[in-house]
Amino acid sequence: MKVLLSALLLAAFLQKPEIYVDEVIDVELQQLYVTVTRPSGAPVLDLAAADFEILDDGKPQAVSTFARGDLALSAVLLMDASASMEGDRLRTAAEGVKAFVSRVLSQDEVSVMLFSDELLMRTPFSSDAATLLTPVDGVTARGGSAINDHLYLALKDLEGRLGRRVVVLLSDGVDVESLLGMEDVGWAARGSQALLYWIRLQEMSRGKIERSSAWRDRKGHDEQLRLLETAVTESGGRVEVIPDVAQVGTALQKILRELREQYVLGYQPTANHGDGAWHKLEVRVRGGHRLRTREGYFDR
Amino acid sequence: MRLRVLILAFFLALPAAAQPPDHLSFSLQSRPLRGLQGPIATLLTTGKEGGGLPMAALAVPSGEREADGKFTVPLIVEIEGNGLLAARRGDIQRVEIYAYAMGADGSVHDFLAQGLSLDLAQVGEAVMDGGVKFVGMVSMPAGAGSLRVLVVDPDTLRYSLRVLPLTVPASGGGPLLLHPLFSDPRGRWVLARPAEDDQVLDRSLSPLLVDEGWGLPSSLPLLAGGRTRRVALLGRELPAEPAVTLEIRTEAGKKVQEVAGRVTERTRTSALERLVCDFDLPRLETGRYRAVLAVAGASGRVETPELTVLYLSENPLNEEPVWAQLRRLGGESVPAPTVAVEAPKGRRRNAELERLARQGYEEALRGLASGTPLDEVVSRLADVEAGIYRQAPQSAESLREVELETAQRLGRDDVEVLLPLAVLHAELYRSLRERKELYLAESARRTSADLAEAYAKRGGSGNVAAQALLSLAADLLASGVQSASRSLLDQALALDGRNEAAGLFLAASHERDGDYPRAVEVLQRVVQAHPGSAEARLRLGVNLERVGRTAEAREVLQRLTVEPVPEWVRTVAWQELVRLHLRADRRSDAISLLRQAVSRLPGQTQLAVQLAYLLDRQGSAATAREVLGGIKTKADTAGGSPRHRYGQWPAAALDEVRRSLTQQSLLRLAALARALEGTPARGGRG
């Protein structure tokens with residue numbers, strides 16, 4: 001797959017982690033964002049390129065670029081503003097988003113998108129807190145929830161953007177009204193190579209009647225939840241379950257910190273044919289650490 | 001051993017979550033258990049059955065063999081909601097469920113301890129209407145033993161203990177037939193299960209599901225004479241050409257009747273065979289019996305263990321829960337079943353409270369007749385009822401009787417008097433529900449339905465009575481109470497088969513339960529009566545596709561895309577037509593159709609999203625982005641997306657019905673005033 005590779009990769013071997021985009025070159029490159037932790041969950045921050053091994057469809061690959069640090073982010077914060085967020089809950093969640101936005105760096109670009117069964121609000125990509133947060137105040141939570149449709153929209157918004165592409169979904173995960181299935185969005189997510197994080201609000205679903213809706217029976221809903229979890233895991237992101245909307249800020253900051261601590265491994269695949277086939281990826285690390293990254297990519 | 005049991009129960013409180021297959025279910029908040037209280041622990045260790053909480057339990061050793069050689073035994077516990085919530089006015093009802101798997105020698109093989117917290121604001125009405133059905137599991141070795149099942153209300157220490165004799169069959173031990181599995185009507189229970197061990201529990205429950213695989217079996221089946229009843233049987237080494245029989249026995253074990261059944265399905269699930277059989281039930285005197293099913297063939301005969309059943313001589317009008325049927329039958333006329341259902345005791349009516357109730361009720365009616373706004377009347381009446389109920393919680397049924405007697409007296413000469421009373425009680429139900437007076441609310445709801453029914457039976461307008469029943473049913477559906485609301489909707493349609501809103505509500509209710517064939521049946525009748533109903537036609541088209549009648553679905557949906565129907569209906573019709581193409585793998589046709597739809601309905605975001613996705617899939621990512629570029633935010637749109645509108649109860653039709661009902665009620669207030677003038681209040685029951 002053609003990836004826009006910035007000069008940051010040349011700078012990536014430098015000790016200092018700040019990275020700037022100077023020019024864009026077009027090469028065949030796969031980039032992997034890798035989170036490494038100890039069994040206790042503490043991040044491992046002192047690894048070198050030689051500590052990693054990449055397998056593409058089982059074939060070892062040479063690590064051609066390696067970095068860790070503040071690589072520019074292109075992120076969409078996708079917030080569920082359906083009726084279950086009525087009252088102070090949306091405002092509380094927005095406070096959490098504010099804490100996240102205040103920590104984005106000047107090279108980062110973030111868009112905030114609020115949805116229910118319809119698109120309620122979408123900001124342009126920006127690193128300016130006022131641009132990102134002011135419109136949120138004007139939104140009233142209401143209606144149902146169409147997660148799949150809006151997750152697809154977020155992925156399309158990230159298409160072609162530079163830097164590490166990330167979608168952070170804040171929702172209980174119960175999609176009722178989407179026209180797209182999560183299997184469709186999973187396809188789009190695999191193609192986009194964006195990292196998906198899902199802050200799963202347990203509190204939202206507590207007290208909500210859980211049963212089959214007019215559009216899906218119970219099994220259908222369970223299957224959609226399972227596919228959403230799969231898409232998140234496949235992307236190299238993770239599900240952060242929080243019991244209370246007041247913890248949104250903490251969860252977002254944890255995700256931001258994790259993104260800042262990720263390793264970025266690049267390699268030039270040795271057996272790509274541009275045939276659209278799915279390539280399974282495996283990354284190994286020395287030292288018995290835990291590792292998380294995306295599980296594969298389409299050879300397009 | 002007792003100490004061990006107490007400590008383990010304390011530490012092993014499982015979290016509760018609700019995720020049973022295809023049932024109405026609610027999230028239940030988990031809560032750590034405090035451990036058994038002294039006297040209850042004593043009961044458990046002695047194994048003495050009893051207690052006042054109405055509860056029934058069923059354990060079927062159908063589970064798989066585990067690594068330690070034991071077998072998983074799924075357990076179903078049903079707790080009757082009305083009894084559970086009796087006299088409760090708080091926001092939370094707590095329940096603790098314990099199950100101890102005992103060996104024949106008294107040893108404890110395994111146990112389960114589960115605390116549930118029911119948020120009554122969310123599930124109170126549904127619990128009141130049916131009850132809580134809990135599924136869990138324990139492990140037991142092969143051989144004879146028993147399960148001691150204890151349900152406790154930890155706040156009042158009310159409890160019920162059942163001991164279920166159980167023989168867990170060893171692998172390969174010869175012919176075998178497990179307990180018969182009778183289905184429950186859909187949406188009857190609020191279901192809860194432990195969140196852990198999902199897969200093992202799911203696998204163990206899977207062979208138990210009856211009625212097309214959606215329902216957990218009933219632990220206290222209700223059989224009705226004249227009906228056909230489906231039963232699933234699980235067994236081993238069953239005859240090649242089996243003859244199945246259902247034998248009904250008295251409590252004393254005397255054979256009452258035996259009927260032959262029809263085997264409609266035979267399958268194998270892991271180590272067990274499964275027969276699904278239909279029985280045409282004979283008419284028997286109402287009461288408690290035992291059922292034994294047998295499978296016979298050339299290779300021999302094998303019987304199920306006995307299962308207690310309740311039998312109604314007549315076909316019940318509706319599918320109310322067993323317990324509700326019991327209450328409706330008056331309790332004392334039905335022998336108390338062995339499963340610790342406490343039939344209502346003979347109530348001693350309190351004359352002073354009844355006088356107060358009658359006085360308060362008639363004052364409220366006078367206020368209503370003289371033009372006092374309905375909400376004021378309702379508020380005062382709710383105060384009166386709540387005050388009396390607080391003094392004597394057992395007085396709820398007396399209140400209802402007083403009100404029904406008064407209504408009967410007032411409506412003796414002019415049936416039209418009953419309609420404003422039915423409307424008053426419907427409003428009272430809403431008010432009491434908001435005050436969380438669930439017992440009184442349920443009573444008000446039943447009174448309203450009874451008055452509407454009586455109004456129609458005595459020559460009042462069937463159409464208006466149907467509107468009253470529909471209005472009540474809609475409230476119940478909004479609270480997640482399925483079975484009682486369907487019953488009201490069936491009654492409404494029986495009174496007025498052309499009531500479009502009642503048909504739409506009933507169909508939508510079946511649809512939400514995933515019962516698409518029934519939804520189609522109802523919708524076909526609605527469309528026949530109202531060919532111009534765009535919403536009914538849309539729902540019919542969607543559900544026809546779901547039952548595989550694709551060509552008919554396409555025809556219905558296509559018409560909706562060209563006729564002058566509301567935009568949300570037309571949009572969903574386009575969306576579903578596109579999905580028909582996609583299911584038939586005709587992606588280019590789908591894209592072409594979507595392009596038409598997007599150009600005709602440019603404001604419909606989801607059509608654009610679907611078009612973009614399909615373009616993406618065919619490799620036109622840039623065009624897809626262009627399509628999405630036109631999407632606008634909709635912060636101010638009322639009503640929501642077309643798919644959201646479809647997923648809501650048909651509120652527009654209901655608004656119209658309620659307006660009409662209010663009008664009809666107002667027109668009859670003069671009749672109520674005349675009745676009040678003509679029949680002075682009586683001082684007592686006389």
# chains A, B, ... in the order shown; residues from 1 in each chain; ligands from 1

$ select_by_dssp --residues "region 64-283 of chain A" --states "alpha helix (DSSP H)" --output "short mmCIF file (atom, residue, chain, number, x, y, z; two decimals) with N, CA, C and O atoms, in the first residue's frame"
data_model
loop_
_atom_site.label_atom_id
_atom_site.label_comp_id
_atom_site.auth_asym_id
_atom_site.auth_seq_id
_atom_site.Cartn_x
_atom_site.Cartn_y
_atom_site.Cartn_z
N ASP A 88 -26.79 16.59 32.28
CA ASP A 88 -25.42 17.04 32.50
C ASP A 88 -24.39 16.10 31.91
O ASP A 88 -23.20 16.41 31.88
N ARG A 89 -24.83 14.95 31.48
CA ARG A 89 -23.86 13.93 31.08
C ARG A 89 -23.04 14.36 29.87
O ARG A 89 -21.84 14.14 29.81
N LEU A 90 -23.72 14.98 28.89
CA LEU A 90 -22.98 15.42 27.72
C LEU A 90 -21.97 16.50 28.10
O LEU A 90 -20.84 16.52 27.62
N ARG A 91 -22.40 17.40 29.02
CA ARG A 91 -21.51 18.46 29.43
C ARG A 91 -20.30 17.88 30.19
O ARG A 91 -19.17 18.31 30.02
N THR A 92 -20.56 16.89 31.02
CA THR A 92 -19.47 16.25 31.77
C THR A 92 -18.49 15.59 30.80
O THR A 92 -17.26 15.71 30.96
N ALA A 93 -19.03 14.91 29.80
CA ALA A 93 -18.16 14.27 28.81
C ALA A 93 -17.36 15.33 28.06
O ALA A 93 -16.16 15.16 27.78
N ALA A 94 -18.01 16.46 27.77
CA ALA A 94 -17.33 17.54 27.05
C ALA A 94 -16.18 18.10 27.87
O ALA A 94 -15.14 18.51 27.33
N GLU A 95 -16.35 18.13 29.19
CA GLU A 95 -15.26 18.58 30.07
C GLU A 95 -14.05 17.66 29.90
O GLU A 95 -12.90 18.10 29.89
N GLY A 96 -14.33 16.37 29.80
CA GLY A 96 -13.26 15.40 29.59
C GLY A 96 -12.56 15.63 28.27
O GLY A 96 -11.32 15.54 28.16
N VAL A 97 -13.36 15.93 27.26
CA VAL A 97 -12.78 16.20 25.93
C VAL A 97 -11.90 17.45 26.00
O VAL A 97 -10.83 17.52 25.37
N LYS A 98 -12.34 18.41 26.80
CA LYS A 98 -11.57 19.65 26.94
C LYS A 98 -10.16 19.34 27.47
O LYS A 98 -9.16 19.86 26.98
N ALA A 99 -10.12 18.44 28.47
CA ALA A 99 -8.83 18.07 29.05
C ALA A 99 -7.93 17.42 27.99
O ALA A 99 -6.72 17.65 27.94
N PHE A 100 -8.53 16.65 27.12
CA PHE A 100 -7.78 15.99 26.04
C PHE A 100 -7.28 17.03 25.05
O PHE A 100 -6.10 17.06 24.68
N VAL A 101 -8.20 17.90 24.64
CA VAL A 101 -7.86 18.88 23.61
C VAL A 101 -6.78 19.84 24.10
O VAL A 101 -5.90 20.26 23.33
N ALA A 129 -8.14 24.77 20.83
CA ALA A 129 -9.17 24.27 21.75
C ALA A 129 -10.51 24.98 21.54
O ALA A 129 -11.57 24.35 21.57
N ALA A 130 -10.45 26.30 21.30
CA ALA A 130 -11.70 27.05 21.15
C ALA A 130 -12.47 26.56 19.92
O ALA A 130 -13.69 26.39 19.95
N THR A 131 -11.76 26.33 18.84
CA THR A 131 -12.39 25.85 17.61
C THR A 131 -13.06 24.50 17.85
O THR A 131 -14.14 24.21 17.32
N LEU A 132 -12.40 23.68 18.67
CA LEU A 132 -12.89 22.33 18.85
C LEU A 132 -14.02 22.23 19.88
O LEU A 132 -14.88 21.36 19.76
N LEU A 133 -14.01 23.11 20.85
CA LEU A 133 -14.94 22.91 21.96
C LEU A 133 -16.16 23.81 21.94
O LEU A 133 -17.21 23.43 22.43
N THR A 134 -16.03 25.01 21.39
CA THR A 134 -17.16 25.93 21.43
C THR A 134 -18.43 25.33 20.83
O THR A 134 -19.51 25.43 21.43
N PRO A 135 -18.35 24.67 19.67
CA PRO A 135 -19.60 24.16 19.09
C PRO A 135 -20.27 23.08 19.93
O PRO A 135 -21.47 22.87 19.83
N VAL A 136 -19.50 22.39 20.79
CA VAL A 136 -20.09 21.31 21.59
C VAL A 136 -21.16 21.86 22.52
O VAL A 136 -22.19 21.22 22.78
N ASP A 137 -20.94 23.08 23.02
CA ASP A 137 -21.89 23.67 23.97
C ASP A 137 -23.28 23.84 23.37
O ASP A 137 -24.27 23.86 24.11
N ILE A 147 -23.90 4.35 15.46
CA ILE A 147 -22.45 4.34 15.62
C ILE A 147 -21.75 3.97 14.31
O ILE A 147 -20.79 4.62 13.90
N ASN A 148 -22.23 2.92 13.67
CA ASN A 148 -21.51 2.41 12.50
C ASN A 148 -21.39 3.47 11.41
O ASN A 148 -20.32 3.68 10.84
N ASP A 149 -22.52 4.12 11.12
CA ASP A 149 -22.51 5.12 10.05
C ASP A 149 -21.51 6.23 10.36
O ASP A 149 -20.77 6.69 9.48
N HIS A 150 -21.48 6.65 11.62
CA HIS A 150 -20.61 7.79 11.96
C HIS A 150 -19.17 7.37 12.15
O HIS A 150 -18.26 8.18 11.92
N LEU A 151 -18.95 6.13 12.52
CA LEU A 151 -17.56 5.64 12.58
C LEU A 151 -16.97 5.59 11.17
O LEU A 151 -15.81 5.96 10.94
N TYR A 152 -17.81 5.18 10.23
CA TYR A 152 -17.36 5.18 8.82
C TYR A 152 -17.04 6.60 8.37
O TYR A 152 -16.01 6.85 7.72
N LEU A 153 -17.93 7.52 8.74
CA LEU A 153 -17.72 8.93 8.36
C LEU A 153 -16.40 9.44 8.95
O LEU A 153 -15.63 10.15 8.27
N ALA A 154 -16.11 9.08 10.19
CA ALA A 154 -14.87 9.52 10.84
C ALA A 154 -13.65 8.94 10.11
O ALA A 154 -12.65 9.65 9.89
N LEU A 155 -13.75 7.68 9.74
CA LEU A 155 -12.62 7.06 9.03
C LEU A 155 -12.39 7.74 7.69
O LEU A 155 -11.25 7.95 7.26
N LYS A 156 -13.48 8.09 7.02
CA LYS A 156 -13.34 8.78 5.72
C LYS A 156 -12.74 10.18 5.92
O LYS A 156 -11.98 10.66 5.09
N ASP A 157 -13.10 10.82 7.03
CA ASP A 157 -12.54 12.14 7.31
C ASP A 157 -11.02 12.07 7.48
O ASP A 157 -10.30 13.04 7.22
N LEU A 158 -10.56 10.92 7.97
CA LEU A 158 -9.12 10.78 8.22
C LEU A 158 -8.34 10.39 6.97
O LEU A 158 -7.11 10.46 6.95
N MET A 182 -21.60 -3.25 11.12
CA MET A 182 -20.23 -3.12 11.64
C MET A 182 -19.26 -3.92 10.77
O MET A 182 -18.07 -3.60 10.72
N GLU A 183 -19.78 -4.93 10.07
CA GLU A 183 -18.90 -5.67 9.16
C GLU A 183 -18.43 -4.76 8.02
O GLU A 183 -17.29 -4.86 7.56
N ASP A 184 -19.31 -3.84 7.59
CA ASP A 184 -18.93 -2.88 6.55
C ASP A 184 -17.86 -1.92 7.09
O ASP A 184 -16.87 -1.63 6.42
N VAL A 185 -18.10 -1.43 8.30
CA VAL A 185 -17.17 -0.46 8.88
C VAL A 185 -15.83 -1.15 9.18
O VAL A 185 -14.77 -0.54 9.05
N GLY A 186 -15.90 -2.41 9.57
CA GLY A 186 -14.66 -3.16 9.83
C GLY A 186 -13.80 -3.20 8.59
O GLY A 186 -12.57 -3.05 8.65
N TRP A 187 -14.44 -3.38 7.45
CA TRP A 187 -13.70 -3.39 6.17
C TRP A 187 -13.01 -2.03 5.96
O TRP A 187 -11.83 -1.95 5.62
N ALA A 188 -13.79 -0.97 6.20
CA ALA A 188 -13.23 0.38 6.02
C ALA A 188 -12.09 0.63 7.00
O ALA A 188 -11.07 1.26 6.65
N ALA A 189 -12.25 0.14 8.22
CA ALA A 189 -11.23 0.37 9.25
C ALA A 189 -9.93 -0.35 8.88
O ALA A 189 -8.84 0.20 9.05
N ARG A 190 -10.07 -1.58 8.38
CA ARG A 190 -8.86 -2.32 7.99
C ARG A 190 -8.13 -1.57 6.89
O ARG A 190 -6.91 -1.47 6.88
N GLY A 191 -8.89 -1.03 5.95
CA GLY A 191 -8.27 -0.32 4.84
C GLY A 191 -7.65 0.99 5.27
O GLY A 191 -6.63 1.43 4.72
N SER A 192 -8.21 1.62 6.27
CA SER A 192 -7.74 2.96 6.64
C SER A 192 -6.46 2.91 7.47
O SER A 192 -5.73 3.88 7.52
N GLN A 202 -20.09 2.18 30.37
CA GLN A 202 -21.02 1.19 30.92
C GLN A 202 -22.25 1.87 31.48
O GLN A 202 -23.34 1.35 31.40
N GLU A 203 -22.05 3.03 32.03
CA GLU A 203 -23.15 3.73 32.69
C GLU A 203 -24.28 4.05 31.72
O GLU A 203 -25.44 4.07 32.09
N MET A 204 -23.91 4.28 30.48
CA MET A 204 -24.94 4.62 29.49
C MET A 204 -25.92 3.49 29.30
O MET A 204 -27.10 3.70 29.09
N SER A 205 -25.39 2.26 29.34
CA SER A 205 -26.29 1.15 29.06
C SER A 205 -27.00 0.67 30.32
O SER A 205 -27.96 -0.06 30.25
N ARG A 218 -31.88 -9.50 19.19
CA ARG A 218 -30.87 -9.53 20.25
C ARG A 218 -29.53 -10.08 19.74
O ARG A 218 -28.47 -9.53 20.01
N LYS A 219 -29.62 -11.16 18.97
CA LYS A 219 -28.39 -11.76 18.47
C LYS A 219 -27.67 -10.79 17.53
O LYS A 219 -26.46 -10.71 17.51
N GLY A 220 -28.47 -10.08 16.74
CA GLY A 220 -27.89 -9.10 15.82
C GLY A 220 -27.15 -8.01 16.57
O GLY A 220 -26.05 -7.60 16.18
N HIS A 221 -27.73 -7.55 17.67
CA HIS A 221 -27.06 -6.51 18.47
C HIS A 221 -25.77 -7.05 19.08
O HIS A 221 -24.74 -6.37 19.09
N ASP A 222 -25.84 -8.26 19.60
CA ASP A 222 -24.64 -8.86 20.20
C ASP A 222 -23.53 -8.98 19.15
O ASP A 222 -22.36 -8.73 19.43
N GLU A 223 -23.93 -9.37 17.95
CA GLU A 223 -22.95 -9.57 16.88
C GLU A 223 -22.31 -8.22 16.50
O GLU A 223 -21.10 -8.15 16.27
N GLN A 224 -23.10 -7.16 16.47
CA GLN A 224 -22.55 -5.85 16.14
C GLN A 224 -21.54 -5.41 17.20
O GLN A 224 -20.48 -4.86 16.87
N LEU A 225 -21.86 -5.65 18.45
CA LEU A 225 -20.92 -5.31 19.53
C LEU A 225 -19.62 -6.10 19.39
O LEU A 225 -18.53 -5.57 19.56
N ARG A 226 -19.78 -7.37 19.07
CA ARG A 226 -18.59 -8.22 18.93
C ARG A 226 -17.72 -7.72 17.77
O ARG A 226 -16.49 -7.64 17.89
N LEU A 227 -18.37 -7.36 16.68
CA LEU A 227 -17.61 -6.89 15.51
C LEU A 227 -16.92 -5.55 15.80
O LEU A 227 -15.81 -5.31 15.31
N LEU A 228 -17.57 -4.71 16.59
CA LEU A 228 -16.93 -3.44 16.95
C LEU A 228 -15.67 -3.71 17.78
O LEU A 228 -14.62 -3.11 17.55
N GLU A 229 -15.80 -4.60 18.72
CA GLU A 229 -14.63 -4.96 19.55
C GLU A 229 -13.51 -5.51 18.67
O GLU A 229 -12.34 -5.18 18.85
N THR A 230 -13.90 -6.35 17.71
CA THR A 230 -12.90 -6.95 16.81
C THR A 230 -12.19 -5.87 16.00
O THR A 230 -10.96 -5.89 15.86
N ALA A 231 -12.97 -4.93 15.48
CA ALA A 231 -12.38 -3.87 14.66
C ALA A 231 -11.39 -3.05 15.48
O ALA A 231 -10.30 -2.69 15.01
N VAL A 232 -11.75 -2.77 16.72
CA VAL A 232 -10.87 -1.99 17.60
C VAL A 232 -9.58 -2.77 17.85
O VAL A 232 -8.47 -2.23 17.72
N THR A 233 -9.71 -4.04 18.19
CA THR A 233 -8.53 -4.85 18.49
C THR A 233 -7.65 -5.01 17.26
O THR A 233 -6.42 -4.88 17.34
N GLU A 234 -8.28 -5.29 16.14
CA GLU A 234 -7.52 -5.48 14.88
C GLU A 234 -6.71 -4.25 14.52
O GLU A 234 -5.64 -4.34 13.93
N SER A 235 -7.24 -3.08 14.88
CA SER A 235 -6.57 -1.84 14.49
C SER A 235 -5.33 -1.56 15.33
O SER A 235 -4.54 -0.69 14.99
N VAL A 248 -14.40 10.21 31.65
CA VAL A 248 -14.05 10.36 30.24
C VAL A 248 -12.69 11.05 30.09
O VAL A 248 -11.83 10.63 29.30
N GLY A 249 -12.48 12.13 30.86
CA GLY A 249 -11.23 12.89 30.76
C GLY A 249 -10.03 12.02 31.06
O GLY A 249 -9.04 12.02 30.32
N THR A 250 -10.12 11.26 32.15
CA THR A 250 -9.01 10.38 32.54
C THR A 250 -8.74 9.35 31.45
O THR A 250 -7.58 9.09 31.10
N ALA A 251 -9.81 8.78 30.91
CA ALA A 251 -9.64 7.76 29.87
C ALA A 251 -8.99 8.36 28.63
O ALA A 251 -8.09 7.75 28.02
N LEU A 252 -9.42 9.56 28.26
CA LEU A 252 -8.83 10.20 27.07
C LEU A 252 -7.35 10.51 27.28
O LEU A 252 -6.53 10.35 26.38
N GLN A 253 -7.03 10.95 28.48
CA GLN A 253 -5.62 11.27 28.75
C GLN A 253 -4.77 10.01 28.74
O GLN A 253 -3.63 10.04 28.28
N LYS A 254 -5.32 8.91 29.22
CA LYS A 254 -4.57 7.65 29.17
C LYS A 254 -4.28 7.26 27.72
O LYS A 254 -3.19 6.82 27.37
N ILE A 255 -5.28 7.47 26.88
CA ILE A 255 -5.12 7.13 25.46
C ILE A 255 -4.06 8.04 24.82
O ILE A 255 -3.19 7.58 24.08
N LEU A 256 -4.15 9.32 25.16
CA LEU A 256 -3.20 10.27 24.59
C LEU A 256 -1.77 9.91 25.02
O LEU A 256 -0.84 9.91 24.21
N ARG A 257 -1.64 9.57 26.30
CA ARG A 257 -0.30 9.21 26.80
C ARG A 257 0.19 7.96 26.07
O ARG A 257 1.35 7.87 25.67
N GLU A 258 -0.71 7.02 25.90
CA GLU A 258 -0.32 5.78 25.21
C GLU A 258 0.13 6.06 23.78
O GLU A 258 1.13 5.51 23.30
N LEU A 259 -0.57 6.96 23.11
CA LEU A 259 -0.21 7.31 21.73
C LEU A 259 1.19 7.95 21.71
O LEU A 259 1.98 7.70 20.80
N ARG A 260 1.45 8.78 22.70
CA ARG A 260 2.76 9.45 22.76
C ARG A 260 3.89 8.46 23.03
O ARG A 260 5.04 8.73 22.73
#

$ select_by_dssp --residues "region 52-176 of chain A" --states "strand (DSSP E)" --output "PyMOL selection string"
chain A and resi 52-56+59-61+63-68+73-80+109-115+119-122+164-171

$ write_last_selection --atoms "C-alpha atoms" --output "PDB file, in the first residue's frame"
ATOM      1  CA  PHE A  52      11.480  -6.078  17.328  1.00  0.00           C
ATOM      2  CA  GLU A  53      10.736  -8.696  14.712  1.00  0.00           C
ATOM      3  CA  ILE A  54       8.044  -8.153  12.056  1.00  0.00           C
ATOM      4  CA  LEU A  55       6.336 -11.038  10.258  1.00  0.00           C
ATOM      5  CA  ASP A  56       4.187 -10.251   7.207  1.00  0.00           C
ATOM      6  CA  LYS A  59       7.644 -13.886   6.432  1.00  0.00           C
ATOM      7  CA  PRO A  60      10.261 -11.913   8.421  1.00  0.00           C
ATOM      8  CA  GLN A  61      10.662  -8.302   7.326  1.00  0.00           C
ATOM      9  CA  VAL A  63      12.658  -2.892  10.082  1.00  0.00           C
ATOM     10  CA  SER A  64      13.549   0.103   7.932  1.00  0.00           C
ATOM     11  CA  THR A  65      12.351   2.952  10.146  1.00  0.00           C
ATOM     12  CA  PHE A  66      12.028   3.121  13.867  1.00  0.00           C
ATOM     13  CA  ALA A  67      10.906   5.835  16.261  1.00  0.00           C
ATOM     14  CA  ARG A  68       9.123   6.599  19.454  1.00  0.00           C
ATOM     15  CA  LEU A  73      -1.765  12.939  15.337  1.00  0.00           C
ATOM     16  CA  SER A  74      -4.788  13.216  13.125  1.00  0.00           C
ATOM     17  CA  ALA A  75      -7.612  12.264  15.417  1.00  0.00           C
ATOM     18  CA  VAL A  76     -11.388  12.244  15.377  1.00  0.00           C
ATOM     19  CA  LEU A  77     -13.134  12.296  18.736  1.00  0.00           C
ATOM     20  CA  LEU A  78     -16.437  10.652  17.981  1.00  0.00           C
ATOM     21  CA  MET A  79     -18.917  11.277  20.776  1.00  0.00           C
ATOM     22  CA  ASP A  80     -22.252   9.589  21.179  1.00  0.00           C
ATOM     23  CA  GLU A 109      -5.024  17.971  14.213  1.00  0.00           C
ATOM     24  CA  VAL A 110      -8.197  16.935  15.931  1.00  0.00           C
ATOM     25  CA  SER A 111     -11.830  16.972  14.860  1.00  0.00           C
ATOM     26  CA  VAL A 112     -14.717  16.586  17.290  1.00  0.00           C
ATOM     27  CA  MET A 113     -17.829  14.886  15.958  1.00  0.00           C
ATOM     28  CA  LEU A 114     -21.070  14.468  17.904  1.00  0.00           C
ATOM     29  CA  PHE A 115     -23.689  12.056  16.708  1.00  0.00           C
ATOM     30  CA  LEU A 119     -24.713  13.882  12.655  1.00  0.00           C
ATOM     31  CA  LEU A 120     -25.225  16.611  15.249  1.00  0.00           C
ATOM     32  CA  MET A 121     -21.937  18.510  15.073  1.00  0.00           C
ATOM     33  CA  ARG A 122     -18.566  18.264  13.352  1.00  0.00           C
ATOM     34  CA  ARG A 164      -0.909   8.794  12.990  1.00  0.00           C
ATOM     35  CA  ARG A 165      -4.617   8.451  12.273  1.00  0.00           C
ATOM     36  CA  VAL A 166      -6.779   7.796  15.292  1.00  0.00           C
ATOM     37  CA  VAL A 167     -10.476   7.545  16.013  1.00  0.00           C
ATOM     38  CA  VAL A 168     -11.592   7.674  19.631  1.00  0.00           C
ATOM     39  CA  LEU A 169     -15.192   6.556  20.015  1.00  0.00           C
ATOM     40  CA  LEU A 170     -17.051   7.482  23.173  1.00  0.00           C
ATOM     41  CA  SER A 171     -20.203   5.379  23.400  1.00  0.00           C
TER      42      SER A 171
END

$ residues_around --residues "Leu45 (chain A)" --least-positions-apart "3" --cutoff "9 Å" --atoms "only C-alpha atoms" --output "list in words"
Val36, Thr37, Arg68, Glu261, Gln262 and Tyr263 of chain A

$ closest_residue --among "B:Val123, B:Leu661, B:Ala260, B:Ala492" --to "chain A" --atoms "only C-alpha atoms"
B:Val123

$ decode --residues "region 246-250 of chain A" --atoms "N, CA, C and O atoms" --output "compact mmCIF listing (two decimals), in the first residue's frame"
# COMPACT_ATOMS: atom_id res chain seq x y z
N ALA A 246 -17.96 10.71 34.23
CA ALA A 246 -16.98 11.64 34.82
C ALA A 246 -15.55 11.17 34.54
O ALA A 246 -14.60 11.95 34.70
N GLN A 247 -15.40 9.92 34.16
CA GLN A 247 -14.05 9.40 33.91
C GLN A 247 -13.61 9.53 32.45
O GLN A 247 -12.57 8.99 32.06
N VAL A 248 -14.40 10.21 31.65
CA VAL A 248 -14.05 10.36 30.24
C VAL A 248 -12.69 11.05 30.09
O VAL A 248 -11.83 10.63 29.30
N GLY A 249 -12.48 12.13 30.86
CA GLY A 249 -11.23 12.89 30.76
C GLY A 249 -10.03 12.02 31.06
O GLY A 249 -9.04 12.02 30.32
N THR A 250 -10.12 11.26 32.15
CA THR A 250 -9.01 10.38 32.54
C THR A 250 -8.74 9.35 31.45
O THR A 250 -7.58 9.09 31.10
